[in-house]
Amino acid sequence: MRASLFSSPEVREGVQRLEALGLPPPGFIPLRKEQILNVTQALDPHYGKGGRSSLAQRAGLRYEKKVKAFLERTKPAAILGPWFRYWIDSSPEDASGLPRGRLARFCQPDAIIFEKEILTIIEIKIRWCELAYWQLKHLYLPVCISFYGPKVTRLICVTRNVDPFVQVPQPVLIPNLDTYFALDRIGVFRFSGARSAPAREDSE
């Protein structure tokens, strides 16, 4: 039986507390599908705007480039880095505290793949982290469902480093992008940048 990344009772208890609290990472505002008024495809809103990046950001971009090259080789149907513009109804009850009205925002999944009536949304992180879960589940998923319509959807994070103590609900290590896993979970695919590192199978 394949175990989730969380095998100890202490870590599982921490995850349950996090789920109960529903706390996103600092600075991240979760999006609900009910908030979305409209979604369109968009051009890169940052095109032509230069800026300095840190060493960590440059390392992340190099890793992302390697993963996207891997996706181009192995998943011809992959759409890499699509931009979406979406409008939400910002009410006084909105956790963002923004005034009521239409608010336009942008987002960019690292990749989306349509295969056999299944929409796969991929986020690339050099290190598996809480933000990857929240972006996939509470940003890209509602935006893509609003744009493409109801689909069977899989959420996958491709990462080089897996931290088993990242506290998010029910991730599962997968040995490749075609592995079946329960659709209410987040697939975590470990990719070194040169070749895939098979996920280790544990038993509870």
# chains A, B, ... in the order shown; residues from 1 in each chain; ligands from 1
>>> select_by_dssp(residues="stretch 86-198 of chain A", states="helix (DSSP H, G or I)", output="PyMOL selection string")
chain A and resi 130-148
>>> residues_around(residues="A:Leu71", least_positions_apart="2", cutoff="12 Å", atoms="only C-alpha atoms", output="ChimeraX atom specification")
/A:64-69,73-81,110-113,122,124,158,176-177,191,193,195-196
>>> residues_around(residues="A:Cys107", least_positions_apart="6", cutoff="7 Å", atoms="only C-alpha atoms", output="PyMOL selection string")
chain A and resi 83-85
>>> write_last_selection(atoms="N, CA and C atoms", output="PDB file, in the first residue's frame")
ATOM      1  N   TRP A  83      -1.010  32.124 -19.358  1.00  0.00           N
ATOM      2  CA  TRP A  83      -1.474  33.199 -18.485  1.00  0.00           C
ATOM      3  C   TRP A  83      -2.991  33.312 -18.567  1.00  0.00           C
ATOM      4  N   PHE A  84      -3.607  33.558 -17.422  1.00  0.00           N
ATOM      5  CA  PHE A  84      -5.046  33.805 -17.349  1.00  0.00           C
ATOM      6  C   PHE A  84      -5.292  35.125 -16.616  1.00  0.00           C
ATOM      7  N   ARG A  85      -6.295  35.833 -17.099  1.00  0.00           N
ATOM      8  CA  ARG A  85      -6.778  37.015 -16.390  1.00  0.00           C
ATOM      9  C   ARG A  85      -8.176  36.698 -15.883  1.00  0.00           C
TER      10      ARG A  85
END
>>> residues_around(residues="A:Cys144", least_positions_apart="4", cutoff="12 Å", atoms="only C-alpha atoms", output="count of residues only")
38
>>> closest_residue(among="A:Ile174, A:Ala132, A:Ile126, A:Leu141", to="A:Asn161", atoms="only C-alpha atoms")
A:Ile126
>>> select_by_dssp(residues="stretch 38-174 of chain A", states="strand (DSSP E or B)", output="PyMOL selection string")
chain A and resi 38-42+78-80+83-90+101-107+111-115+118-127+152-161+171-174
>>> residues_around(residues="A:Gly187", least_positions_apart="2", cutoff="7 Å", atoms="only C-alpha atoms", output="PDB file with C-alpha atoms, in the first residue's frame")
ATOM      1  CA  LEU A 155      -3.171  18.433  -9.484  1.00  0.00           C
ATOM      2  CA  ILE A 156       0.563  17.687  -9.570  1.00  0.00           C
ATOM      3  CA  CYS A 157       3.620  19.405  -8.147  1.00  0.00           C
ATOM      4  CA  PRO A 171      -0.076  14.643  -0.820  1.00  0.00           C
ATOM      5  CA  VAL A 172       1.098  11.399  -2.413  1.00  0.00           C
ATOM      6  CA  LEU A 173       4.422  10.605  -4.078  1.00  0.00           C
ATOM      7  CA  ILE A 174       3.991   9.409  -7.652  1.00  0.00           C
ATOM      8  CA  ARG A 185      -5.101  14.519  -3.340  1.00  0.00           C
ATOM      9  CA  PHE A 189       6.471  13.939  -8.709  1.00  0.00           C
TER      10      PHE A 189
END
>>> closest_residue(among="A:Pro169, A:Pro142, A:Lys125, A:Arg102", to="A:Arg62", atoms="only C-alpha atoms")
A:Lys125
